[in-house]
Amino acid sequence: MKTLLLISISLFLNSCSCKKNVVDNQETAMTKSITLQSDCPTDGKCSVEIFPNKSMNIQTDGTGAMYNQLVDSKETSVIVYQYNRDVPEGLQDGNYREEIIFEIKNSDTNLVASGNDLQQTKMLFGRFCFCRGQTGYYKVTDGNLNLIQKENSITFDLNFTVTEVPQIIKKIQASIQ
């Protein structure tokens, strides 16, 4: 009886030690000095990242919602701005994030776009929260983008609005060096 119990415990312990593969699929952004000149709401944190030699692959799922995947590209880079609201302790489903993501050509030195021309950068506004029917990515077709790219620096000024959902962030000014 003791032998049977010992064998059972041994088999149980061996079956729990299965090999664990950890895969990090997160893209790593270029580590550069980033200066955010526009104001960030005091109840959260704002950040800007650049993903060099990446392109946006915009897809639509079965429900019609847009999503984005970064893919390798030698011609373009992707800039991502995020505002993450601080979540009060003990509050469930209190996460709130806004995101602006757009693509620039590595060869562009000066980019000025407004209105529907913003879609030449594939610009998307993302709103992610527990807000039924008001989350996901939306195309940005109302606003102005001024971007200057010199040797190892990018400076941009973006004013925009989306009509599909409420938004907090409407103006972004940043320098990436």
# chains A, B, ... in the order shown; residues from 1 in each chain; ligands from 1
$ residues_around --residues "Cys129 of chain A" --least-positions-apart "4" --cutoff "10 Å" --atoms "only C-alpha atoms" --output "MDAnalysis selection string"
chainID A and resid 93:98 134:136
$ write_last_selection --atoms "N, CA and C atoms" --output "PDB file, in the first residue's frame"
ATOM      1  N   ASP A  93     -11.587  46.705 -13.398  1.00  0.00           N
ATOM      2  CA  ASP A  93     -11.937  47.221 -14.725  1.00  0.00           C
ATOM      3  C   ASP A  93     -11.767  48.730 -14.820  1.00  0.00           C
ATOM      4  N   GLY A  94     -10.802  49.275 -14.097  1.00  0.00           N
ATOM      5  CA  GLY A  94     -10.572  50.715 -14.104  1.00  0.00           C
ATOM      6  C   GLY A  94      -9.492  51.153 -15.072  1.00  0.00           C
ATOM      7  N   ASN A  95      -8.950  50.225 -15.854  1.00  0.00           N
ATOM      8  CA  ASN A  95      -7.888  50.582 -16.799  1.00  0.00           C
ATOM      9  C   ASN A  95      -8.434  51.478 -17.895  1.00  0.00           C
ATOM     10  N   TYR A  96      -7.626  52.464 -18.274  1.00  0.00           N
ATOM     11  CA  TYR A  96      -7.983  53.346 -19.378  1.00  0.00           C
ATOM     12  C   TYR A  96      -6.694  53.722 -20.091  1.00  0.00           C
ATOM     13  N   ARG A  97      -6.692  53.532 -21.417  1.00  0.00           N
ATOM     14  CA  ARG A  97      -5.503  53.844 -22.208  1.00  0.00           C
ATOM     15  C   ARG A  97      -5.939  54.437 -23.534  1.00  0.00           C
ATOM     16  N   GLU A  98      -5.214  55.469 -23.952  1.00  0.00           N
ATOM     17  CA  GLU A  98      -5.372  56.010 -25.296  1.00  0.00           C
ATOM     18  C   GLU A  98      -4.041  55.866 -26.006  1.00  0.00           C
ATOM     19  N   GLN A 134     -17.234  51.431 -27.130  1.00  0.00           N
ATOM     20  CA  GLN A 134     -16.414  52.614 -27.371  1.00  0.00           C
ATOM     21  C   GLN A 134     -14.937  52.320 -27.193  1.00  0.00           C
ATOM     22  N   THR A 135     -14.519  51.127 -27.575  1.00  0.00           N
ATOM     23  CA  THR A 135     -13.109  50.769 -27.481  1.00  0.00           C
ATOM     24  C   THR A 135     -12.620  50.274 -28.835  1.00  0.00           C
ATOM     25  N   GLY A 136     -11.308  50.260 -28.972  1.00  0.00           N
ATOM     26  CA  GLY A 136     -10.697  49.760 -30.198  1.00  0.00           C
ATOM     27  C   GLY A 136      -9.966  50.852 -30.935  1.00  0.00           C
TER      28      GLY A 136
END
$ residues_around --residues "segment 77-84 of chain A" --least-positions-apart "5" --cutoff "8 Å" --atoms "only C-alpha atoms" --output "short mmCIF file (atom, residue, chain, number, x, y, z; two decimals) with all heavy atoms, in the first residue's frame"
data_model
loop_
_atom_site.label_atom_id
_atom_site.label_comp_id
_atom_site.auth_asym_id
_atom_site.auth_seq_id
_atom_site.Cartn_x
_atom_site.Cartn_y
_atom_site.Cartn_z
N CYS A 40 0.75 66.03 -20.29
CA CYS A 40 0.14 64.73 -20.03
C CYS A 40 -0.85 64.94 -18.89
O CYS A 40 -0.53 65.65 -17.93
CB CYS A 40 1.22 63.72 -19.63
SG CYS A 40 0.56 62.05 -19.35
N GLY A 44 -2.21 60.28 -14.94
CA GLY A 44 -1.66 59.15 -15.67
C GLY A 44 -0.25 59.41 -16.14
O GLY A 44 0.40 60.37 -15.74
N LYS A 45 0.22 58.52 -17.00
CA LYS A 45 1.56 58.60 -17.56
C LYS A 45 1.48 58.55 -19.08
O LYS A 45 0.67 57.83 -19.64
CB LYS A 45 2.41 57.44 -17.05
CG LYS A 45 2.69 57.50 -15.56
CD LYS A 45 3.43 56.26 -15.09
CE LYS A 45 3.64 56.26 -13.60
NZ LYS A 45 2.43 56.29 -12.81
N CYS A 46 2.35 59.32 -19.72
CA CYS A 46 2.40 59.37 -21.17
C CYS A 46 3.78 58.92 -21.64
O CYS A 46 4.78 59.17 -20.95
CB CYS A 46 2.12 60.78 -21.68
SG CYS A 46 0.46 61.35 -21.29
N SER A 47 3.83 58.28 -22.78
CA SER A 47 5.11 57.82 -23.32
C SER A 47 5.06 57.83 -24.84
O SER A 47 3.99 57.76 -25.44
CB SER A 47 5.43 56.41 -22.82
OG SER A 47 4.48 55.48 -23.32
N VAL A 48 6.24 57.94 -25.43
CA VAL A 48 6.40 57.88 -26.88
C VAL A 48 7.48 56.86 -27.17
O VAL A 48 8.52 56.85 -26.51
CB VAL A 48 6.80 59.24 -27.48
CG1 VAL A 48 7.02 59.12 -28.98
CG2 VAL A 48 5.76 60.30 -27.19
N GLU A 49 7.24 56.00 -28.14
CA GLU A 49 8.23 55.01 -28.56
C GLU A 49 8.34 55.05 -30.08
O GLU A 49 7.36 55.34 -30.76
CB GLU A 49 7.82 53.60 -28.15
CG GLU A 49 7.84 53.36 -26.66
CD GLU A 49 7.41 51.93 -26.35
OE1 GLU A 49 6.23 51.63 -26.53
OE2 GLU A 49 8.28 51.14 -25.94
N ILE A 50 9.51 54.73 -30.57
CA ILE A 50 9.69 54.57 -32.01
C ILE A 50 10.18 53.15 -32.27
O ILE A 50 11.05 52.64 -31.56
CB ILE A 50 10.65 55.62 -32.62
CG1 ILE A 50 10.73 55.43 -34.13
CG2 ILE A 50 12.00 55.57 -31.96
CD1 ILE A 50 11.36 56.57 -34.88
N PHE A 51 9.56 52.53 -33.24
CA PHE A 51 9.94 51.19 -33.64
C PHE A 51 10.57 51.29 -35.03
O PHE A 51 9.86 51.38 -36.04
CB PHE A 51 8.73 50.26 -33.66
CG PHE A 51 8.14 50.03 -32.30
CD1 PHE A 51 7.17 50.88 -31.80
CD2 PHE A 51 8.57 48.98 -31.51
CE1 PHE A 51 6.63 50.68 -30.54
CE2 PHE A 51 8.04 48.77 -30.25
CZ PHE A 51 7.08 49.63 -29.76
N PRO A 52 11.91 51.36 -35.09
CA PRO A 52 12.58 51.56 -36.38
C PRO A 52 12.44 50.32 -37.27
O PRO A 52 12.39 49.19 -36.79
CB PRO A 52 14.03 51.81 -35.99
CG PRO A 52 14.19 51.21 -34.65
CD PRO A 52 12.86 51.26 -33.99
N ASN A 53 12.39 50.59 -38.55
CA ASN A 53 12.32 49.53 -39.56
C ASN A 53 11.14 48.58 -39.33
O ASN A 53 11.26 47.37 -39.47
CB ASN A 53 13.63 48.76 -39.63
CG ASN A 53 14.77 49.68 -40.01
OD1 ASN A 53 14.63 50.56 -40.85
ND2 ASN A 53 15.90 49.52 -39.35
N LYS A 54 10.00 49.19 -38.99
CA LYS A 54 8.74 48.45 -38.83
C LYS A 54 7.68 49.14 -39.66
O LYS A 54 7.77 50.31 -40.00
CB LYS A 54 8.29 48.42 -37.36
CG LYS A 54 9.21 47.67 -36.45
CD LYS A 54 9.15 46.19 -36.69
CE LYS A 54 10.05 45.44 -35.74
NZ LYS A 54 10.05 44.01 -36.01
N SER A 55 6.65 48.39 -39.98
CA SER A 55 5.51 48.91 -40.72
C SER A 55 4.24 48.44 -40.04
O SER A 55 4.24 47.41 -39.35
CB SER A 55 5.55 48.40 -42.16
OG SER A 55 4.43 48.86 -42.89
N MET A 56 3.16 49.19 -40.22
CA MET A 56 1.88 48.82 -39.65
C MET A 56 1.11 47.95 -40.64
O MET A 56 0.92 48.34 -41.78
CB MET A 56 1.07 50.08 -39.32
CG MET A 56 1.68 50.94 -38.26
SD MET A 56 0.85 52.55 -38.10
CE MET A 56 -0.84 52.09 -37.77
N ASN A 95 -8.95 50.22 -15.85
CA ASN A 95 -7.89 50.58 -16.80
C ASN A 95 -8.43 51.48 -17.90
O ASN A 95 -9.55 51.29 -18.38
CB ASN A 95 -7.29 49.33 -17.44
CG ASN A 95 -6.55 48.48 -16.43
OD1 ASN A 95 -6.06 48.99 -15.43
ND2 ASN A 95 -6.47 47.19 -16.69
N TYR A 96 -7.63 52.46 -18.27
CA TYR A 96 -7.98 53.35 -19.38
C TYR A 96 -6.69 53.72 -20.09
O TYR A 96 -5.74 54.17 -19.47
CB TYR A 96 -8.68 54.62 -18.88
CG TYR A 96 -9.13 55.51 -20.02
CD1 TYR A 96 -10.38 55.35 -20.60
CD2 TYR A 96 -8.29 56.50 -20.53
CE1 TYR A 96 -10.79 56.15 -21.65
CE2 TYR A 96 -8.68 57.29 -21.59
CZ TYR A 96 -9.93 57.12 -22.14
OH TYR A 96 -10.32 57.90 -23.20
N ARG A 97 -6.69 53.53 -21.42
CA ARG A 97 -5.50 53.84 -22.21
C ARG A 97 -5.94 54.44 -23.53
O ARG A 97 -6.90 53.98 -24.15
CB ARG A 97 -4.70 52.57 -22.45
CG ARG A 97 -3.49 52.75 -23.34
CD ARG A 97 -2.65 51.49 -23.43
NE ARG A 97 -3.42 50.35 -23.84
CZ ARG A 97 -3.29 49.71 -25.01
NH1 ARG A 97 -2.39 50.11 -25.87
NH2 ARG A 97 -4.03 48.67 -25.31
N GLU A 98 -5.21 55.47 -23.95
CA GLU A 98 -5.37 56.01 -25.30
C GLU A 98 -4.04 55.87 -26.01
O GLU A 98 -2.98 55.95 -25.38
CB GLU A 98 -5.79 57.48 -25.26
CG GLU A 98 -7.22 57.68 -24.82
CD GLU A 98 -7.70 59.11 -24.92
OE1 GLU A 98 -6.93 60.00 -25.35
OE2 GLU A 98 -8.86 59.34 -24.57
N GLU A 99 -4.13 55.65 -27.31
CA GLU A 99 -2.92 55.39 -28.09
C GLU A 99 -3.07 56.03 -29.46
O GLU A 99 -4.13 55.99 -30.06
CB GLU A 99 -2.77 53.87 -28.21
CG GLU A 99 -1.58 53.40 -28.96
CD GLU A 99 -1.48 51.88 -28.93
OE1 GLU A 99 -1.18 51.32 -27.88
OE2 GLU A 99 -1.72 51.27 -29.98
N ILE A 100 -1.99 56.66 -29.90
CA ILE A 100 -1.89 57.13 -31.29
C ILE A 100 -0.72 56.38 -31.90
O ILE A 100 0.36 56.32 -31.31
CB ILE A 100 -1.62 58.64 -31.35
CG1 ILE A 100 -2.88 59.41 -31.04
CG2 ILE A 100 -1.11 59.05 -32.72
CD1 ILE A 100 -3.91 59.38 -32.13
N ILE A 101 -0.96 55.79 -33.04
CA ILE A 101 0.09 55.04 -33.71
C ILE A 101 0.09 55.43 -35.19
O ILE A 101 -0.97 55.54 -35.79
CB ILE A 101 -0.10 53.51 -33.51
CG1 ILE A 101 1.03 52.72 -34.16
CG2 ILE A 101 -1.46 53.05 -33.97
CD1 ILE A 101 1.05 51.25 -33.76
N PHE A 102 1.28 55.71 -35.70
CA PHE A 102 1.38 56.06 -37.11
C PHE A 102 2.75 55.66 -37.65
O PHE A 102 3.68 55.40 -36.91
CB PHE A 102 1.08 57.54 -37.37
CG PHE A 102 1.99 58.52 -36.70
CD1 PHE A 102 3.06 59.09 -37.38
CD2 PHE A 102 1.77 58.91 -35.38
CE1 PHE A 102 3.88 60.03 -36.77
CE2 PHE A 102 2.58 59.84 -34.76
CZ PHE A 102 3.65 60.40 -35.45
N GLU A 103 2.81 55.61 -38.98
CA GLU A 103 3.99 55.12 -39.70
C GLU A 103 4.60 56.27 -40.51
O GLU A 103 3.87 57.06 -41.10
CB GLU A 103 3.52 53.99 -40.62
CG GLU A 103 4.52 53.42 -41.54
CD GLU A 103 3.89 52.35 -42.42
OE1 GLU A 103 3.53 51.28 -41.91
OE2 GLU A 103 3.74 52.62 -43.63
N ILE A 104 5.92 56.35 -40.50
CA ILE A 104 6.61 57.36 -41.30
C ILE A 104 7.63 56.67 -42.19
O ILE A 104 8.17 55.62 -41.84
CB ILE A 104 7.30 58.42 -40.43
CG1 ILE A 104 8.33 57.80 -39.49
CG2 ILE A 104 6.27 59.23 -39.66
CD1 ILE A 104 9.19 58.80 -38.75
N LYS A 105 7.88 57.27 -43.34
CA LYS A 105 8.92 56.76 -44.22
C LYS A 105 10.27 57.19 -43.67
O LYS A 105 10.45 58.34 -43.28
CB LYS A 105 8.74 57.29 -45.64
CG LYS A 105 7.50 56.76 -46.30
CD LYS A 105 7.35 57.31 -47.69
CE LYS A 105 6.06 56.80 -48.31
NZ LYS A 105 5.76 57.47 -49.56
N ASN A 106 11.21 56.30 -43.64
CA ASN A 106 12.55 56.62 -43.14
C ASN A 106 13.23 57.68 -44.00
O ASN A 106 14.09 58.41 -43.52
CB ASN A 106 13.42 55.36 -43.08
CG ASN A 106 12.92 54.37 -42.04
OD1 ASN A 106 12.26 54.74 -41.08
ND2 ASN A 106 13.24 53.11 -42.23
N ILE A 169 -6.67 62.83 -25.07
CA ILE A 169 -5.48 63.36 -25.73
C ILE A 169 -5.89 63.90 -27.10
O ILE A 169 -6.47 63.17 -27.91
CB ILE A 169 -4.40 62.28 -25.88
CG1 ILE A 169 -4.02 61.69 -24.52
CG2 ILE A 169 -3.19 62.83 -26.61
CD1 ILE A 169 -3.47 62.68 -23.53
#
$ select_by_dssp --residues "segment 117-152 of chain A" --states "helix (DSSP H, G or I)" --output "list in words"
Asp117, Leu118, Gln119, Gln120 and Thr121 of chain A
$ select_by_dssp --residues "chain A" --states "strand (DSSP E)" --output "short mmCIF file (atom, residue, chain, number, x, y, z; two decimals) with N, CA and C atoms, in the first residue's frame"
data_model
loop_
_atom_site.label_atom_id
_atom_site.label_comp_id
_atom_site.auth_asym_id
_atom_site.auth_seq_id
_atom_site.Cartn_x
_atom_site.Cartn_y
_atom_site.Cartn_z
N ILE A 34 13.78 60.76 -25.42
CA ILE A 34 12.48 61.23 -25.87
C ILE A 34 12.04 62.37 -24.97
N THR A 35 11.68 63.48 -25.58
CA THR A 35 11.19 64.64 -24.85
C THR A 35 9.76 64.89 -25.27
N LEU A 36 8.87 64.86 -24.31
CA LEU A 36 7.46 65.10 -24.57
C LEU A 36 7.14 66.53 -24.15
N GLY A 44 -2.21 60.28 -14.94
CA GLY A 44 -1.66 59.15 -15.67
C GLY A 44 -0.25 59.41 -16.14
N LYS A 45 0.22 58.52 -17.00
CA LYS A 45 1.56 58.60 -17.56
C LYS A 45 1.48 58.55 -19.08
N CYS A 46 2.35 59.32 -19.72
CA CYS A 46 2.40 59.37 -21.17
C CYS A 46 3.78 58.92 -21.64
N SER A 47 3.83 58.28 -22.78
CA SER A 47 5.11 57.82 -23.32
C SER A 47 5.06 57.83 -24.84
N VAL A 48 6.24 57.94 -25.43
CA VAL A 48 6.40 57.88 -26.88
C VAL A 48 7.48 56.86 -27.17
N GLU A 49 7.24 56.00 -28.14
CA GLU A 49 8.23 55.01 -28.56
C GLU A 49 8.34 55.05 -30.08
N ILE A 50 9.51 54.73 -30.57
CA ILE A 50 9.69 54.57 -32.01
C ILE A 50 10.18 53.15 -32.27
N PHE A 51 9.56 52.53 -33.24
CA PHE A 51 9.94 51.19 -33.64
C PHE A 51 10.57 51.29 -35.03
N LYS A 54 10.00 49.19 -38.99
CA LYS A 54 8.74 48.45 -38.83
C LYS A 54 7.68 49.14 -39.66
N SER A 55 6.65 48.39 -39.98
CA SER A 55 5.51 48.91 -40.72
C SER A 55 4.24 48.44 -40.04
N MET A 56 3.16 49.19 -40.22
CA MET A 56 1.88 48.82 -39.65
C MET A 56 1.11 47.95 -40.64
N ASN A 57 0.66 46.81 -40.17
CA ASN A 57 -0.18 45.93 -40.97
C ASN A 57 -1.56 45.97 -40.31
N ILE A 58 -2.46 46.80 -40.86
CA ILE A 58 -3.78 46.99 -40.28
C ILE A 58 -4.72 45.93 -40.81
N GLN A 59 -5.38 45.24 -39.90
CA GLN A 59 -6.29 44.14 -40.24
C GLN A 59 -7.66 44.42 -39.63
N THR A 60 -8.65 43.68 -40.06
CA THR A 60 -10.00 43.76 -39.49
C THR A 60 -10.39 42.35 -39.08
N MET A 66 -10.85 46.93 -36.03
CA MET A 66 -9.50 47.01 -36.56
C MET A 66 -8.49 46.62 -35.50
N TYR A 67 -7.39 46.05 -35.95
CA TYR A 67 -6.24 45.81 -35.10
C TYR A 67 -4.98 45.97 -35.94
N ASN A 68 -3.86 46.10 -35.25
CA ASN A 68 -2.62 46.43 -35.92
C ASN A 68 -1.53 45.44 -35.51
N GLN A 69 -0.71 45.07 -36.47
CA GLN A 69 0.47 44.25 -36.21
C GLN A 69 1.67 44.97 -36.81
N LEU A 70 2.78 44.95 -36.07
CA LEU A 70 4.02 45.52 -36.60
C LEU A 70 4.77 44.44 -37.36
N VAL A 71 5.21 44.79 -38.57
CA VAL A 71 5.97 43.86 -39.40
C VAL A 71 7.26 44.54 -39.83
N ASP A 72 8.26 43.77 -40.16
CA ASP A 72 9.56 44.31 -40.57
C ASP A 72 9.44 45.06 -41.90
N THR A 76 10.17 52.01 -43.56
CA THR A 76 9.34 52.78 -42.63
C THR A 76 9.68 52.48 -41.17
N SER A 77 9.23 53.40 -40.31
CA SER A 77 9.31 53.22 -38.86
C SER A 77 7.94 53.59 -38.28
N VAL A 78 7.67 53.11 -37.09
CA VAL A 78 6.37 53.33 -36.46
C VAL A 78 6.57 54.09 -35.15
N ILE A 79 5.74 55.12 -34.95
CA ILE A 79 5.76 55.91 -33.72
C ILE A 79 4.48 55.61 -32.95
N VAL A 80 4.64 55.35 -31.64
CA VAL A 80 3.50 55.04 -30.78
C VAL A 80 3.52 55.98 -29.58
N TYR A 81 2.41 56.68 -29.38
CA TYR A 81 2.21 57.53 -28.20
C TYR A 81 1.14 56.86 -27.36
N GLN A 82 1.38 56.75 -26.05
CA GLN A 82 0.39 56.15 -25.15
C GLN A 82 0.14 57.02 -23.94
N TYR A 83 -1.11 57.10 -23.55
CA TYR A 83 -1.51 57.69 -22.28
C TYR A 83 -2.18 56.59 -21.49
N ASN A 84 -1.63 56.27 -20.32
CA ASN A 84 -2.19 55.26 -19.43
C ASN A 84 -2.64 55.94 -18.14
N ARG A 85 -3.94 55.90 -17.90
CA ARG A 85 -4.48 56.50 -16.68
C ARG A 85 -4.12 55.62 -15.49
N TYR A 96 -7.63 52.46 -18.27
CA TYR A 96 -7.98 53.35 -19.38
C TYR A 96 -6.69 53.72 -20.09
N ARG A 97 -6.69 53.53 -21.42
CA ARG A 97 -5.50 53.84 -22.21
C ARG A 97 -5.94 54.44 -23.53
N GLU A 98 -5.21 55.47 -23.95
CA GLU A 98 -5.37 56.01 -25.30
C GLU A 98 -4.04 55.87 -26.01
N GLU A 99 -4.13 55.65 -27.31
CA GLU A 99 -2.92 55.39 -28.09
C GLU A 99 -3.07 56.03 -29.46
N ILE A 100 -1.99 56.66 -29.90
CA ILE A 100 -1.89 57.13 -31.29
C ILE A 100 -0.72 56.38 -31.90
N ILE A 101 -0.96 55.79 -33.04
CA ILE A 101 0.09 55.04 -33.71
C ILE A 101 0.09 55.43 -35.19
N PHE A 102 1.28 55.71 -35.70
CA PHE A 102 1.38 56.06 -37.11
C PHE A 102 2.75 55.66 -37.65
N GLU A 103 2.81 55.61 -38.98
CA GLU A 103 3.99 55.12 -39.70
C GLU A 103 4.60 56.27 -40.51
N ILE A 104 5.92 56.35 -40.50
CA ILE A 104 6.61 57.36 -41.30
C ILE A 104 7.63 56.67 -42.19
N LYS A 105 7.88 57.27 -43.34
CA LYS A 105 8.92 56.76 -44.22
C LYS A 105 10.27 57.19 -43.67
N ASN A 110 10.64 65.94 -44.13
CA ASN A 110 9.61 66.87 -43.71
C ASN A 110 8.26 66.31 -44.14
N LEU A 111 7.36 66.14 -43.20
CA LEU A 111 6.04 65.59 -43.51
C LEU A 111 4.99 66.52 -42.93
N VAL A 112 4.11 67.00 -43.80
CA VAL A 112 2.98 67.82 -43.38
C VAL A 112 1.74 67.14 -43.94
N ALA A 113 0.81 66.81 -43.05
CA ALA A 113 -0.42 66.14 -43.49
C ALA A 113 -1.59 66.66 -42.66
N SER A 114 -2.75 66.72 -43.30
CA SER A 114 -3.95 67.13 -42.57
C SER A 114 -5.16 66.42 -43.17
N LEU A 124 -3.76 55.74 -36.55
CA LEU A 124 -4.88 55.17 -35.80
C LEU A 124 -4.93 55.76 -34.40
N PHE A 125 -6.13 55.96 -33.89
CA PHE A 125 -6.35 56.32 -32.50
C PHE A 125 -6.96 55.10 -31.82
N GLY A 126 -6.38 54.71 -30.69
CA GLY A 126 -6.91 53.58 -29.95
C GLY A 126 -7.42 54.02 -28.59
N ARG A 127 -8.57 53.52 -28.20
CA ARG A 127 -9.15 53.78 -26.88
C ARG A 127 -9.46 52.42 -26.27
N PHE A 128 -8.88 52.17 -25.10
CA PHE A 128 -9.02 50.86 -24.48
C PHE A 128 -9.44 51.03 -23.02
N CYS A 129 -10.64 50.58 -22.73
CA CYS A 129 -11.19 50.72 -21.39
C CYS A 129 -12.39 49.78 -21.27
N GLY A 136 -11.31 50.26 -28.97
CA GLY A 136 -10.70 49.76 -30.20
C GLY A 136 -9.97 50.85 -30.94
N TYR A 137 -9.57 50.53 -32.17
CA TYR A 137 -8.83 51.47 -33.01
C TYR A 137 -9.78 52.15 -34.00
N TYR A 138 -9.48 53.42 -34.28
CA TYR A 138 -10.26 54.21 -35.22
C TYR A 138 -9.29 55.00 -36.11
N LYS A 139 -9.61 55.11 -37.41
CA LYS A 139 -8.78 55.89 -38.32
C LYS A 139 -8.88 57.37 -37.97
N GLY A 143 -7.32 66.36 -38.46
CA GLY A 143 -6.21 66.87 -37.67
C GLY A 143 -5.07 67.35 -38.55
N ASN A 144 -3.95 67.69 -37.89
CA ASN A 144 -2.76 68.18 -38.58
C ASN A 144 -1.51 67.52 -37.99
N LEU A 145 -0.61 67.10 -38.85
CA LEU A 145 0.66 66.52 -38.43
C LEU A 145 1.78 67.28 -39.13
N ASN A 146 2.73 67.75 -38.33
CA ASN A 146 3.96 68.36 -38.84
C ASN A 146 5.11 67.55 -38.26
N LEU A 147 5.91 66.96 -39.11
CA LEU A 147 7.01 66.10 -38.66
C LEU A 147 8.28 66.48 -39.40
N ILE A 148 9.36 66.61 -38.65
CA ILE A 148 10.68 66.90 -39.22
C ILE A 148 11.62 65.79 -38.78
N GLN A 149 12.31 65.21 -39.75
CA GLN A 149 13.25 64.11 -39.47
C GLN A 149 14.62 64.51 -40.00
N LYS A 150 15.58 64.63 -39.09
CA LYS A 150 16.96 64.93 -39.46
C LYS A 150 17.83 63.81 -38.93
N SER A 153 17.25 62.44 -35.42
CA SER A 153 16.20 63.01 -34.59
C SER A 153 14.90 63.15 -35.36
N ILE A 154 13.81 63.05 -34.61
CA ILE A 154 12.46 63.23 -35.16
C ILE A 154 11.72 64.16 -34.21
N THR A 155 11.11 65.18 -34.77
CA THR A 155 10.28 66.10 -34.00
C THR A 155 8.93 66.14 -34.68
N PHE A 156 7.85 66.03 -33.87
CA PHE A 156 6.53 66.10 -34.48
C PHE A 156 5.56 66.85 -33.58
N ASP A 157 4.57 67.42 -34.25
CA ASP A 157 3.49 68.16 -33.62
C ASP A 157 2.20 67.65 -34.25
N LEU A 158 1.31 67.12 -33.43
CA LEU A 158 0.07 66.51 -33.93
C LEU A 158 -1.11 67.07 -33.15
N ASN A 159 -2.10 67.57 -33.87
CA ASN A 159 -3.40 67.95 -33.32
C ASN A 159 -4.42 67.09 -34.05
N PHE A 160 -5.35 66.47 -33.34
CA PHE A 160 -6.30 65.58 -34.00
C PHE A 160 -7.57 65.43 -33.17
N LYS A 171 -3.62 66.66 -28.49
CA LYS A 171 -2.43 67.35 -28.98
C LYS A 171 -1.19 66.64 -28.45
N ILE A 172 -0.25 66.37 -29.33
CA ILE A 172 1.00 65.70 -28.97
C ILE A 172 2.14 66.46 -29.62
N GLN A 173 3.13 66.82 -28.82
CA GLN A 173 4.38 67.40 -29.32
C GLN A 173 5.50 66.61 -28.69
N ALA A 174 6.41 66.10 -29.51
CA ALA A 174 7.49 65.28 -28.99
C ALA A 174 8.72 65.38 -29.87
N SER A 175 9.87 65.12 -29.23
CA SER A 175 11.16 65.03 -29.92
C SER A 175 11.81 63.72 -29.55
N ILE A 176 12.33 63.04 -30.54
CA ILE A 176 13.01 61.77 -30.33
C ILE A 176 14.41 61.93 -30.88
#
$ atom_distance --atom1 "atom CA of Val140 of chain A" --atom2 "atom CA of Lys74 of chain A"
24.5 Å
$ atom_distance --atom1 "atom CA of Pro41 of chain A" --atom2 "atom CA of Ile168 of chain A"
8.4 Å
$ closest_residue --among "A:Gly133, A:Ser33, A:Ser38, A:Ser107" --to "Lys170 of chain A" --atoms "only C-alpha atoms"
A:Ser38
$ atom_distance --atom1 "atom CA of Asn116 of chain A" --atom2 "atom CA of Thr161 of chain A"
12.1 Å
$ closest_residue --among "A:Glu164, A:Glu75, A:Phe130, A:Gly64" --to "Gln92 of chain A" --atoms "only C-alpha atoms"
A:Phe130
